[in-house]
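Written out below as structure tokens is the structure these notes cover.
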Amino acid sequence: MTWSFPIGRLFGSELRVHATFLLLLAWIATSAWVAGGPEAALVNTGLVVAIFACVVAHEFGHALMARRFGIVTPDITLLPIGGMARLERMPEDPGQEVLVALAGPAVNVVIWLVLTLALGATTRLDALVALDDPAAGFLGRVASINLFLAAFNLIPAFPMDGGRVLRALLSIRLGRVRATRSAATAGQVVSFLFAFVGLTSGNLILVLIAIFIFMAAAAETSDVALRDRARGAFARDVMITTFETLAPDDTLDTAANAVVRTTQAEFPVKDPQGHVAGLLTRQAIIAGIERDGRMTPVARAMTTGIPEVGLRDPVDAVLGHLGDGAVPAVAVVDGNGAFIGYVTRENIGEWMALSVPARD
Ligand SMILES: [Zn+2]
């Protein structure tokens, strides 16, 4: 996800923070300072750390439940609406998807119960709208926040957890693509409501959340539609087979000539043994020339660690590699590991548009 920054690893997942989550934290700290001076700002910084911990716990609820079904969670991004665990894939079994979706809010309910029953915290509903109000008491506010996180995430609209539950239940009757579309439409209706309330009440955070929900709902719809259409297709169906390659010790000058001579936006770099050593994009060529000059070897500017798939690997697996945007392409290799072609997101898109009849 763009606009997010890595901050560490836990249980094998990378923790990332989205810029809008930092905005939320900044808003809480600043408004406390304005209302109660530096001391209130300090107390609320502690509160911020507590919120942070609860959101992380919520996300690990999803991640650890998904692990029970054999699904890895490469990273977790913290957002104002409670964060997002990026599972390697979503369970396609509706029952499993419901359990994974509910595991997050369940963690917040457990934290709320512990704070309320064991530590005597009192939840005040007005504390939910005034998180910066020190009168609510520290534990009381943490308890309120957990109740809020659970309730907010259970709103039955994509991309909230409740939206996933809704999608899973609808998919039993409608199929996954139409179910996702319905849950995403619900998400976009909710985002308009939030934007309206946010604009009329002057709550900028609510407007930001609305924008995020709207974009996330749209992205999920297109991703699910793409994966559905890719079903039954293999890497060999979508790969690029006519292309020029570069050698690791070719210069960026040679690469620049290749950019002009061809229509390729990326060049596979093949080592003498015929294996793929890396991939050089047009942008990397331009940036490399600006930084190191035209005589720099290609090997210094290329992206390494290009994932490899076999000819008969499903397109879904290819999309999985391309999904996080970390690599520009996936290499296709034959049975001996020799490089024979590659796949980009763009050419999967072209293949979709040309080879699959349009349907709803
Ligand atoms: Zn969640």
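Here, A, B, ... name the chains of the structure tokens in the order displayed, residue numbers run from 1 inside each chain, and ligands are numbered from 1 in the same displayed order.
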Could you tell me, counting only C-alpha atoms and all ligand atoms, which protein and nucleic acid residues lie no more than 10 Å from ligand 1, written as an mmCIF file with C-alpha atoms, in the first residue's frame?
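Result written to selection17.cif:
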data_model
loop_
_atom_site.group_PDB
_atom_site.id
_atom_site.type_symbol
_atom_site.label_atom_id
_atom_site.label_comp_id
_atom_site.auth_asym_id
_atom_site.auth_seq_id
_atom_site.Cartn_x
_atom_site.Cartn_y
_atom_site.Cartn_z
ATOM 1 C CA VAL A 55 -5.006 -1.929 16.844
ATOM 2 C CA VAL A 56 -1.974 -4.207 16.487
ATOM 3 C CA ALA A 57 -3.680 -6.819 18.705
ATOM 4 C CA HIS A 58 -6.817 -6.561 16.514
ATOM 5 C CA GLU A 59 -4.798 -7.199 13.368
ATOM 6 C CA PHE A 60 -2.956 -10.142 14.890
ATOM 7 C CA GLY A 61 -6.382 -11.547 15.717
ATOM 8 C CA HIS A 62 -6.982 -11.724 11.947
ATOM 9 C CA ALA A 63 -3.441 -12.894 11.164
ATOM 10 C CA ILE A 81 -10.099 2.765 10.885
ATOM 11 C CA GLY A 82 -8.164 0.086 12.744
ATOM 12 C CA GLY A 83 -5.535 -1.280 10.447
ATOM 13 C CA MET A 84 -5.356 -3.860 7.739
ATOM 14 C CA ALA A 85 -3.693 -7.254 7.756
ATOM 15 C CA VAL A 100 -10.900 -14.564 10.070
ATOM 16 C CA ALA A 101 -12.974 -11.362 9.802
ATOM 17 C CA LEU A 102 -14.503 -11.733 13.270
ATOM 18 C CA ALA A 103 -11.211 -12.604 15.006
ATOM 19 C CA GLY A 104 -10.047 -8.961 14.905
ATOM 20 C CA PRO A 105 -13.083 -7.321 16.559
ATOM 21 C CA ALA A 106 -13.215 -10.277 18.992
ATOM 22 C CA VAL A 107 -9.757 -9.317 20.298
ATOM 23 C CA ASN A 108 -11.013 -5.777 21.035
ATOM 24 C CA LEU A 149 -12.811 -0.445 17.284
ATOM 25 C CA ALA A 150 -14.983 -3.553 17.589
ATOM 26 C CA PHE A 152 -16.723 0.344 13.884
ATOM 27 C CA ASN A 153 -15.106 -2.652 12.230
ATOM 28 C CA LEU A 154 -18.351 -4.596 12.363
ATOM 29 C CA PRO A 159 -13.447 -2.790 3.605
ATOM 30 C CA MET A 160 -14.462 -3.108 7.263
ATOM 31 C CA ASP A 161 -14.455 -6.568 8.859
ATOM 32 C CA GLY A 162 -18.265 -6.509 8.920
ATOM 33 C CA ARG A 164 -16.084 -9.225 4.835
#
- Query: Skipping near chain neighbours, those fewer than 3 positions away, what residues fall within 6 Å of Tyr342 in chain A using only C-alpha atoms, listed as a list of chain:residue names?
  - Reply: A:Met239, A:Ile240, A:Val330, A:Ala331, A:Val332
Export C-alpha atoms of the chosen residues as a PDB file, in the first residue's frame?
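As a result, out23.pdb now contains:
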ATOM      1  CA  MET A 239       3.343 -14.333 -20.635  1.00  0.00           C
ATOM      2  CA  ILE A 240       5.321 -12.044 -22.909  1.00  0.00           C
ATOM      3  CA  VAL A 330       7.250 -12.180 -12.698  1.00  0.00           C
ATOM      4  CA  ALA A 331       9.650 -14.408 -14.651  1.00  0.00           C
ATOM      5  CA  VAL A 332       8.396 -17.595 -16.320  1.00  0.00           C
TER       6      VAL A 332
END
Residue set, range 42-281 of chain A restricted to helix (DSSP H, G or I), as a compact mmCIF listing (two decimals) with N, CA and C atoms, in the first residue's frame:
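File written: selection14.txt
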# COMPACT_ATOMS: atom_id res chain seq x y z
N LEU A 42 1.03 14.82 27.09
CA LEU A 42 1.85 13.68 27.52
C LEU A 42 0.96 12.48 27.85
N VAL A 43 -0.12 12.74 28.63
CA VAL A 43 -1.05 11.67 28.98
C VAL A 43 -1.62 11.06 27.70
N ASN A 44 -1.96 11.92 26.76
CA ASN A 44 -2.57 11.42 25.54
C ASN A 44 -1.58 10.71 24.63
N THR A 45 -0.29 11.03 24.79
CA THR A 45 0.71 10.26 24.05
C THR A 45 0.70 8.82 24.55
N GLY A 46 0.56 8.65 25.88
CA GLY A 46 0.41 7.31 26.45
C GLY A 46 -0.83 6.63 25.90
N LEU A 47 -1.89 7.41 25.77
CA LEU A 47 -3.14 6.88 25.22
C LEU A 47 -2.94 6.41 23.78
N VAL A 48 -2.16 7.23 23.06
CA VAL A 48 -1.87 6.91 21.66
C VAL A 48 -1.14 5.57 21.57
N VAL A 49 -0.16 5.36 22.46
CA VAL A 49 0.57 4.10 22.48
C VAL A 49 -0.39 2.94 22.77
N ALA A 50 -1.35 3.18 23.69
CA ALA A 50 -2.33 2.14 24.03
C ALA A 50 -3.22 1.82 22.82
N ILE A 51 -3.67 2.86 22.11
CA ILE A 51 -4.50 2.65 20.91
C ILE A 51 -3.73 1.80 19.91
N PHE A 52 -2.47 2.23 19.72
CA PHE A 52 -1.57 1.55 18.80
C PHE A 52 -1.51 0.06 19.12
N ALA A 53 -1.31 -0.26 20.42
CA ALA A 53 -1.20 -1.66 20.84
C ALA A 53 -2.50 -2.42 20.58
N CYS A 54 -3.65 -1.75 20.81
CA CYS A 54 -4.94 -2.42 20.62
C CYS A 54 -5.21 -2.69 19.13
N VAL A 55 -4.82 -1.73 18.29
CA VAL A 55 -5.01 -1.93 16.84
C VAL A 55 -4.12 -3.07 16.35
N VAL A 56 -2.88 -3.11 16.86
CA VAL A 56 -1.97 -4.21 16.49
C VAL A 56 -2.56 -5.54 16.94
N ALA A 57 -3.09 -5.58 18.18
CA ALA A 57 -3.68 -6.82 18.71
C ALA A 57 -4.85 -7.26 17.83
N HIS A 58 -5.69 -6.28 17.40
CA HIS A 58 -6.82 -6.56 16.51
C HIS A 58 -6.34 -7.24 15.23
N GLU A 59 -5.29 -6.66 14.64
CA GLU A 59 -4.80 -7.20 13.37
C GLU A 59 -4.20 -8.58 13.54
N PHE A 60 -3.51 -8.81 14.68
CA PHE A 60 -2.96 -10.14 14.89
C PHE A 60 -4.06 -11.15 15.18
N GLY A 61 -5.22 -10.67 15.63
CA GLY A 61 -6.38 -11.55 15.72
C GLY A 61 -6.70 -12.13 14.35
N HIS A 62 -6.75 -11.25 13.33
CA HIS A 62 -6.98 -11.72 11.95
C HIS A 62 -5.85 -12.65 11.50
N ALA A 63 -4.60 -12.18 11.71
CA ALA A 63 -3.44 -12.89 11.16
C ALA A 63 -3.31 -14.29 11.78
N LEU A 64 -3.51 -14.39 13.10
CA LEU A 64 -3.31 -15.69 13.75
C LEU A 64 -4.46 -16.64 13.44
N MET A 65 -5.68 -16.10 13.26
CA MET A 65 -6.80 -16.95 12.83
C MET A 65 -6.54 -17.45 11.41
N ALA A 66 -6.05 -16.55 10.54
CA ALA A 66 -5.76 -16.95 9.15
C ALA A 66 -4.69 -18.04 9.13
N ARG A 67 -3.71 -17.93 10.03
CA ARG A 67 -2.64 -18.92 10.08
C ARG A 67 -3.20 -20.32 10.36
N ARG A 68 -4.29 -20.39 11.16
CA ARG A 68 -4.92 -21.69 11.43
C ARG A 68 -5.40 -22.35 10.15
N PRO A 94 -16.44 -19.53 2.71
CA PRO A 94 -17.13 -18.45 3.44
C PRO A 94 -17.03 -18.59 4.96
N GLY A 95 -17.11 -19.84 5.47
CA GLY A 95 -17.03 -20.05 6.91
C GLY A 95 -15.70 -19.57 7.47
N GLN A 96 -14.61 -19.91 6.76
CA GLN A 96 -13.28 -19.49 7.20
C GLN A 96 -13.14 -17.97 7.11
N GLU A 97 -13.70 -17.37 6.04
CA GLU A 97 -13.58 -15.92 5.90
C GLU A 97 -14.30 -15.20 7.04
N VAL A 98 -15.46 -15.73 7.44
CA VAL A 98 -16.20 -15.13 8.56
C VAL A 98 -15.36 -15.20 9.84
N LEU A 99 -14.74 -16.38 10.09
CA LEU A 99 -13.94 -16.52 11.31
C LEU A 99 -12.74 -15.57 11.31
N VAL A 100 -12.06 -15.46 10.15
CA VAL A 100 -10.90 -14.56 10.07
C VAL A 100 -11.34 -13.11 10.28
N ALA A 101 -12.49 -12.74 9.69
CA ALA A 101 -12.97 -11.36 9.80
C ALA A 101 -13.38 -11.04 11.24
N LEU A 102 -14.01 -12.00 11.91
CA LEU A 102 -14.50 -11.73 13.27
C LEU A 102 -13.40 -11.78 14.33
N ALA A 103 -12.28 -12.44 14.01
CA ALA A 103 -11.21 -12.60 15.01
C ALA A 103 -10.63 -11.26 15.46
N GLY A 104 -10.59 -10.27 14.55
CA GLY A 104 -10.05 -8.96 14.90
C GLY A 104 -10.91 -8.24 15.93
N PRO A 105 -12.20 -7.97 15.58
CA PRO A 105 -13.08 -7.32 16.56
C PRO A 105 -13.19 -8.12 17.86
N ALA A 106 -13.11 -9.46 17.78
CA ALA A 106 -13.21 -10.28 18.99
C ALA A 106 -12.09 -9.94 19.97
N VAL A 107 -10.89 -9.68 19.43
CA VAL A 107 -9.76 -9.32 20.30
C VAL A 107 -10.08 -8.03 21.07
N ASN A 108 -10.67 -7.04 20.37
CA ASN A 108 -11.01 -5.78 21.04
C ASN A 108 -12.10 -5.97 22.09
N VAL A 109 -13.04 -6.86 21.81
CA VAL A 109 -14.09 -7.15 22.80
C VAL A 109 -13.46 -7.78 24.04
N VAL A 110 -12.49 -8.69 23.83
CA VAL A 110 -11.82 -9.34 24.97
C VAL A 110 -11.05 -8.29 25.79
N ILE A 111 -10.32 -7.41 25.10
CA ILE A 111 -9.57 -6.36 25.82
C ILE A 111 -10.54 -5.49 26.62
N TRP A 112 -11.67 -5.14 25.98
CA TRP A 112 -12.68 -4.31 26.65
C TRP A 112 -13.23 -5.02 27.89
N LEU A 113 -13.52 -6.33 27.76
CA LEU A 113 -14.04 -7.10 28.90
C LEU A 113 -13.02 -7.14 30.03
N VAL A 114 -11.74 -7.37 29.69
CA VAL A 114 -10.70 -7.46 30.72
C VAL A 114 -10.58 -6.12 31.44
N LEU A 115 -10.55 -5.03 30.67
CA LEU A 115 -10.42 -3.71 31.28
C LEU A 115 -11.62 -3.39 32.16
N THR A 116 -12.81 -3.79 31.72
CA THR A 116 -14.02 -3.46 32.44
C THR A 116 -14.21 -4.34 33.67
N LEU A 117 -14.08 -5.66 33.48
CA LEU A 117 -14.38 -6.60 34.57
C LEU A 117 -13.22 -6.72 35.55
N ALA A 118 -11.97 -6.79 35.05
CA ALA A 118 -10.84 -7.03 35.95
C ALA A 118 -10.26 -5.73 36.50
N LEU A 125 -19.97 6.43 26.65
CA LEU A 125 -20.21 6.56 25.22
C LEU A 125 -19.75 7.92 24.70
N ASP A 126 -19.86 8.96 25.56
CA ASP A 126 -19.43 10.28 25.09
C ASP A 126 -17.91 10.33 24.93
N ALA A 127 -17.20 9.40 25.59
CA ALA A 127 -15.75 9.37 25.43
C ALA A 127 -15.36 8.92 24.02
N LEU A 128 -16.29 8.26 23.32
CA LEU A 128 -16.01 7.79 21.97
C LEU A 128 -15.88 8.95 21.01
N VAL A 129 -16.67 10.00 21.24
CA VAL A 129 -16.57 11.15 20.34
C VAL A 129 -15.57 12.16 20.86
N PRO A 134 -9.67 14.44 28.82
CA PRO A 134 -8.98 13.75 29.90
C PRO A 134 -9.91 13.33 31.04
N ALA A 135 -11.11 13.94 31.13
CA ALA A 135 -12.03 13.64 32.22
C ALA A 135 -12.51 12.18 32.19
N ALA A 136 -12.39 11.54 31.04
CA ALA A 136 -12.90 10.18 30.91
C ALA A 136 -12.02 9.14 31.61
N PHE A 138 -7.94 7.34 32.02
CA PHE A 138 -7.10 6.64 31.05
C PHE A 138 -7.66 5.27 30.66
N LEU A 139 -7.89 4.41 31.68
CA LEU A 139 -8.39 3.06 31.37
C LEU A 139 -9.76 3.11 30.72
N GLY A 140 -10.59 4.04 31.20
CA GLY A 140 -11.92 4.20 30.63
C GLY A 140 -11.84 4.53 29.15
N ARG A 141 -10.87 5.38 28.81
CA ARG A 141 -10.74 5.75 27.39
C ARG A 141 -10.22 4.59 26.56
N VAL A 142 -9.25 3.83 27.13
CA VAL A 142 -8.75 2.66 26.38
C VAL A 142 -9.89 1.65 26.18
N ALA A 143 -10.70 1.47 27.25
CA ALA A 143 -11.84 0.54 27.13
C ALA A 143 -12.80 1.04 26.05
N SER A 144 -13.11 2.34 26.09
CA SER A 144 -14.03 2.92 25.10
C SER A 144 -13.51 2.73 23.68
N ILE A 145 -12.20 2.95 23.53
CA ILE A 145 -11.61 2.83 22.19
C ILE A 145 -11.76 1.41 21.67
N ASN A 146 -11.57 0.42 22.56
CA ASN A 146 -11.69 -0.97 22.12
C ASN A 146 -13.11 -1.31 21.71
N LEU A 147 -14.08 -0.76 22.46
CA LEU A 147 -15.47 -0.99 22.09
C LEU A 147 -15.75 -0.33 20.74
N PHE A 148 -15.18 0.87 20.57
CA PHE A 148 -15.33 1.60 19.31
C PHE A 148 -14.72 0.82 18.15
N LEU A 149 -13.49 0.31 18.35
CA LEU A 149 -12.81 -0.45 17.28
C LEU A 149 -13.63 -1.66 16.88
N ALA A 150 -14.18 -2.37 17.89
CA ALA A 150 -14.98 -3.55 17.59
C ALA A 150 -16.23 -3.15 16.81
N ALA A 151 -16.96 -2.13 17.32
CA ALA A 151 -18.22 -1.73 16.69
C ALA A 151 -18.00 -1.17 15.29
N PHE A 152 -16.99 -0.30 15.17
CA PHE A 152 -16.72 0.34 13.88
C PHE A 152 -16.38 -0.69 12.82
N ASN A 153 -15.53 -1.65 13.21
CA ASN A 153 -15.11 -2.65 12.23
C ASN A 153 -16.20 -3.64 11.87
N ASP A 161 -14.32 -5.13 8.60
CA ASP A 161 -14.45 -6.57 8.86
C ASP A 161 -15.90 -7.02 8.66
N GLY A 162 -16.85 -6.18 9.10
CA GLY A 162 -18.27 -6.51 8.92
C GLY A 162 -18.61 -6.68 7.45
N GLY A 163 -17.93 -5.91 6.59
CA GLY A 163 -18.14 -6.03 5.15
C GLY A 163 -17.67 -7.38 4.64
N ARG A 164 -16.58 -7.89 5.23
CA ARG A 164 -16.08 -9.22 4.83
C ARG A 164 -17.07 -10.31 5.26
N VAL A 165 -17.64 -10.13 6.46
CA VAL A 165 -18.65 -11.09 6.92
C VAL A 165 -19.83 -11.06 5.95
N LEU A 166 -20.27 -9.85 5.60
CA LEU A 166 -21.39 -9.69 4.66
C LEU A 166 -21.06 -10.35 3.32
N ARG A 167 -19.84 -10.08 2.82
CA ARG A 167 -19.43 -10.65 1.54
C ARG A 167 -19.44 -12.18 1.58
N ALA A 168 -18.89 -12.73 2.69
CA ALA A 168 -18.83 -14.19 2.81
C ALA A 168 -20.24 -14.78 2.80
N LEU A 169 -21.16 -14.14 3.54
CA LEU A 169 -22.52 -14.67 3.62
C LEU A 169 -23.23 -14.54 2.26
N LEU A 170 -23.05 -13.37 1.60
CA LEU A 170 -23.67 -13.17 0.28
C LEU A 170 -23.09 -14.12 -0.76
N SER A 171 -21.78 -14.44 -0.63
CA SER A 171 -21.12 -15.24 -1.67
C SER A 171 -21.67 -16.66 -1.71
N ILE A 172 -22.30 -17.10 -0.63
CA ILE A 172 -22.89 -18.44 -0.63
C ILE A 172 -23.97 -18.51 -1.71
N ARG A 173 -24.72 -17.40 -1.87
CA ARG A 173 -25.81 -17.41 -2.86
C ARG A 173 -25.44 -16.72 -4.16
N LEU A 174 -24.64 -15.64 -4.07
CA LEU A 174 -24.42 -14.81 -5.26
C LEU A 174 -23.14 -15.12 -6.02
N ARG A 176 -18.73 -15.07 -5.58
CA ARG A 176 -17.82 -14.15 -4.91
C ARG A 176 -17.76 -12.76 -5.54
N VAL A 177 -17.81 -12.70 -6.87
CA VAL A 177 -17.66 -11.40 -7.53
C VAL A 177 -18.85 -10.49 -7.23
N ARG A 178 -20.07 -11.03 -7.40
CA ARG A 178 -21.25 -10.20 -7.14
C ARG A 178 -21.37 -9.87 -5.66
N ALA A 179 -20.99 -10.81 -4.79
CA ALA A 179 -21.04 -10.56 -3.35
C ALA A 179 -20.09 -9.42 -2.98
N THR A 180 -18.89 -9.45 -3.58
CA THR A 180 -17.92 -8.39 -3.30
C THR A 180 -18.45 -7.05 -3.78
N ARG A 181 -19.07 -7.06 -4.97
CA ARG A 181 -19.60 -5.81 -5.52
C ARG A 181 -20.67 -5.23 -4.57
N SER A 182 -21.54 -6.10 -4.05
CA SER A 182 -22.58 -5.61 -3.13
C SER A 182 -21.97 -5.04 -1.85
N ALA A 183 -21.00 -5.78 -1.26
CA ALA A 183 -20.38 -5.31 -0.02
C ALA A 183 -19.59 -4.02 -0.26
N ALA A 184 -18.98 -3.91 -1.45
CA ALA A 184 -18.22 -2.71 -1.77
C ALA A 184 -19.15 -1.52 -2.01
N THR A 185 -20.32 -1.77 -2.63
CA THR A 185 -21.30 -0.70 -2.81
C THR A 185 -21.75 -0.19 -1.45
N ALA A 186 -22.01 -1.12 -0.53
CA ALA A 186 -22.35 -0.72 0.84
C ALA A 186 -21.25 0.14 1.43
N GLY A 187 -19.99 -0.24 1.18
CA GLY A 187 -18.85 0.53 1.68
C GLY A 187 -18.84 1.94 1.11
N GLN A 188 -19.18 2.05 -0.18
CA GLN A 188 -19.15 3.38 -0.79
C GLN A 188 -20.31 4.25 -0.29
N VAL A 189 -21.46 3.63 -0.02
CA VAL A 189 -22.58 4.38 0.58
C VAL A 189 -22.16 4.90 1.96
N VAL A 190 -21.54 4.01 2.75
CA VAL A 190 -21.07 4.41 4.09
C VAL A 190 -20.05 5.53 3.98
N SER A 191 -19.16 5.45 2.97
CA SER A 191 -18.13 6.49 2.84
C SER A 191 -18.77 7.84 2.53
N PHE A 192 -19.86 7.84 1.73
CA PHE A 192 -20.54 9.11 1.45
C PHE A 192 -21.19 9.66 2.72
N LEU A 193 -21.79 8.77 3.52
CA LEU A 193 -22.39 9.21 4.79
C LEU A 193 -21.32 9.84 5.69
N PHE A 194 -20.18 9.14 5.81
CA PHE A 194 -19.09 9.65 6.65
C PHE A 194 -18.60 11.00 6.14
N ALA A 195 -18.43 11.10 4.82
CA ALA A 195 -17.94 12.35 4.25
C ALA A 195 -18.92 13.48 4.53
N PHE A 196 -20.23 13.17 4.41
CA PHE A 196 -21.26 14.19 4.66
C PHE A 196 -21.21 14.64 6.13
N VAL A 197 -21.21 13.67 7.05
CA VAL A 197 -21.16 14.02 8.48
C VAL A 197 -19.86 14.75 8.79
N GLY A 198 -18.75 14.26 8.22
CA GLY A 198 -17.45 14.89 8.47
C GLY A 198 -17.40 16.32 7.99
N LEU A 199 -17.93 16.57 6.79
CA LEU A 199 -17.90 17.93 6.22
C LEU A 199 -18.82 18.87 6.98
N THR A 200 -20.03 18.37 7.35
CA THR A 200 -20.97 19.26 8.02
C THR A 200 -20.55 19.52 9.47
N SER A 201 -19.83 18.57 10.10
CA SER A 201 -19.43 18.80 11.49
C SER A 201 -17.99 19.30 11.58
N LEU A 204 -12.34 16.61 10.06
CA LEU A 204 -11.49 16.28 8.91
C LEU A 204 -11.11 14.80 8.90
N ILE A 205 -10.88 14.23 10.08
CA ILE A 205 -10.48 12.81 10.18
C ILE A 205 -11.56 11.92 9.55
N LEU A 206 -12.83 12.26 9.84
CA LEU A 206 -13.93 11.46 9.30
C LEU A 206 -13.95 11.54 7.77
N VAL A 207 -13.63 12.70 7.23
CA VAL A 207 -13.57 12.87 5.77
C VAL A 207 -12.45 12.00 5.19
N LEU A 208 -11.29 12.00 5.87
CA LEU A 208 -10.17 11.16 5.42
C LEU A 208 -10.54 9.69 5.44
N ILE A 209 -11.22 9.27 6.52
CA ILE A 209 -11.64 7.88 6.63
C ILE A 209 -12.59 7.54 5.48
N ALA A 210 -13.50 8.48 5.17
CA ALA A 210 -14.46 8.27 4.08
C ALA A 210 -13.73 8.06 2.75
N ILE A 211 -12.73 8.89 2.49
CA ILE A 211 -11.97 8.77 1.25
C ILE A 211 -11.28 7.40 1.19
N PHE A 212 -10.70 7.01 2.34
CA PHE A 212 -10.00 5.73 2.38
C PHE A 212 -10.97 4.57 2.11
N ILE A 213 -12.13 4.59 2.77
CA ILE A 213 -13.10 3.50 2.59
C ILE A 213 -13.51 3.42 1.12
N PHE A 214 -13.76 4.58 0.52
CA PHE A 214 -14.20 4.62 -0.87
C PHE A 214 -13.15 3.96 -1.78
N MET A 215 -11.89 4.34 -1.59
CA MET A 215 -10.84 3.81 -2.47
C MET A 215 -10.61 2.33 -2.22
N ALA A 216 -10.64 1.92 -0.94
CA ALA A 216 -10.39 0.51 -0.62
C ALA A 216 -11.49 -0.38 -1.18
N ALA A 217 -12.75 0.12 -1.12
CA ALA A 217 -13.87 -0.66 -1.65
C ALA A 217 -13.72 -0.85 -3.16
N ALA A 218 -13.33 0.23 -3.86
CA ALA A 218 -13.17 0.15 -5.30
C ALA A 218 -12.03 -0.80 -5.67
N ALA A 219 -10.92 -0.73 -4.92
CA ALA A 219 -9.77 -1.58 -5.21
C ALA A 219 -10.10 -3.05 -5.02
N GLU A 220 -10.84 -3.36 -3.96
CA GLU A 220 -11.18 -4.77 -3.69
C GLU A 220 -12.07 -5.33 -4.79
N THR A 221 -13.03 -4.50 -5.26
CA THR A 221 -13.92 -4.96 -6.32
C THR A 221 -13.13 -5.34 -7.56
N SER A 222 -12.19 -4.47 -7.97
CA SER A 222 -11.47 -4.75 -9.22
C SER A 222 -10.53 -5.92 -9.02
N ASP A 223 -9.96 -6.06 -7.82
CA ASP A 223 -9.04 -7.17 -7.57
C ASP A 223 -9.78 -8.51 -7.64
N VAL A 224 -10.96 -8.58 -7.02
CA VAL A 224 -11.71 -9.83 -7.02
C VAL A 224 -12.18 -10.16 -8.43
N ALA A 225 -12.62 -9.13 -9.18
CA ALA A 225 -13.07 -9.36 -10.55
C ALA A 225 -11.92 -9.90 -11.40
N LEU A 226 -10.73 -9.30 -11.20
CA LEU A 226 -9.55 -9.72 -11.94
C LEU A 226 -9.21 -11.17 -11.64
N ARG A 227 -9.20 -11.52 -10.34
CA ARG A 227 -8.85 -12.88 -9.96
C ARG A 227 -9.87 -13.89 -10.47
N ASP A 228 -11.14 -13.47 -10.48
CA ASP A 228 -12.18 -14.39 -10.94
C ASP A 228 -11.99 -14.70 -12.42
N ARG A 229 -11.68 -13.65 -13.19
CA ARG A 229 -11.50 -13.86 -14.63
C ARG A 229 -10.24 -14.65 -14.92
N ALA A 230 -9.25 -14.55 -14.01
CA ALA A 230 -7.98 -15.24 -14.24
C ALA A 230 -8.08 -16.73 -13.93
N ALA A 235 0.23 -19.31 -16.42
CA ALA A 235 1.28 -18.34 -16.75
C ALA A 235 1.58 -18.34 -18.25
N ARG A 236 1.58 -19.54 -18.86
CA ARG A 236 1.92 -19.63 -20.30
C ARG A 236 0.92 -18.88 -21.16
N ASP A 237 -0.34 -18.70 -20.66
CA ASP A 237 -1.37 -18.02 -21.45
C ASP A 237 -1.15 -16.51 -21.49
N VAL A 238 -0.52 -15.97 -20.46
CA VAL A 238 -0.45 -14.51 -20.35
C VAL A 238 0.96 -13.96 -20.50
N LEU A 252 24.28 0.97 -19.04
CA LEU A 252 23.00 1.66 -19.09
C LEU A 252 22.83 2.37 -20.42
N ASP A 253 23.95 2.70 -21.07
CA ASP A 253 23.89 3.30 -22.39
C ASP A 253 23.25 2.32 -23.38
N THR A 254 23.70 1.07 -23.33
CA THR A 254 23.10 0.02 -24.17
C THR A 254 21.62 -0.12 -23.86
N ALA A 255 21.29 -0.09 -22.54
CA ALA A 255 19.90 -0.22 -22.12
C ALA A 255 19.06 0.94 -22.65
N ALA A 256 19.63 2.17 -22.60
CA ALA A 256 18.91 3.34 -23.08
C ALA A 256 18.61 3.21 -24.58
N ASN A 257 19.59 2.68 -25.33
CA ASN A 257 19.37 2.44 -26.77
C ASN A 257 18.23 1.45 -26.98
N ALA A 258 18.19 0.42 -26.12
CA ALA A 258 17.14 -0.59 -26.24
C ALA A 258 15.77 0.01 -25.96
N VAL A 259 15.70 0.96 -25.04
CA VAL A 259 14.43 1.63 -24.74
C VAL A 259 13.92 2.36 -25.97
N VAL A 260 14.83 3.06 -26.64
CA VAL A 260 14.45 3.83 -27.82
C VAL A 260 14.06 2.90 -28.97
N ARG A 261 14.82 1.80 -29.12
CA ARG A 261 14.65 0.91 -30.26
C ARG A 261 13.37 0.07 -30.18
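Here the question is which of A:Ala26, A:Ile306, A:Ile348, A:Ala287 gets nearest to Val327 in chain A using only C-alpha atoms, and that residue is A:Ile306.
Counting from CA of Pro6 in chain A, the distance to CA of Pro268 in chain A is 28.5 Å.
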- Within 8 Å of range 276-285 of chain A, counting only C-alpha atoms, which residues qualify if same-chain residues fewer than 3 places away don't, as a ChimeraX atom specification? /A:248,252,255-256,259,265-271,288-289,298-299,301-306,328-329,331,338-339
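Distance annotation: of A:Glu14, A:Asp292, A:Asp250, A:Asp313, the residue with the minimal separation from Asp75 in chain A is A:Glu14; atom set is only C-alpha atoms.
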- Write down as JSON, numbers by chain the residues belonging to range 296-357 of chain A that are assigned strand (DSSP E) by DSSP computed on the backbone. {"A": [308, 309, 310, 330, 331, 332, 333, 339, 340, 341, 342, 343]}
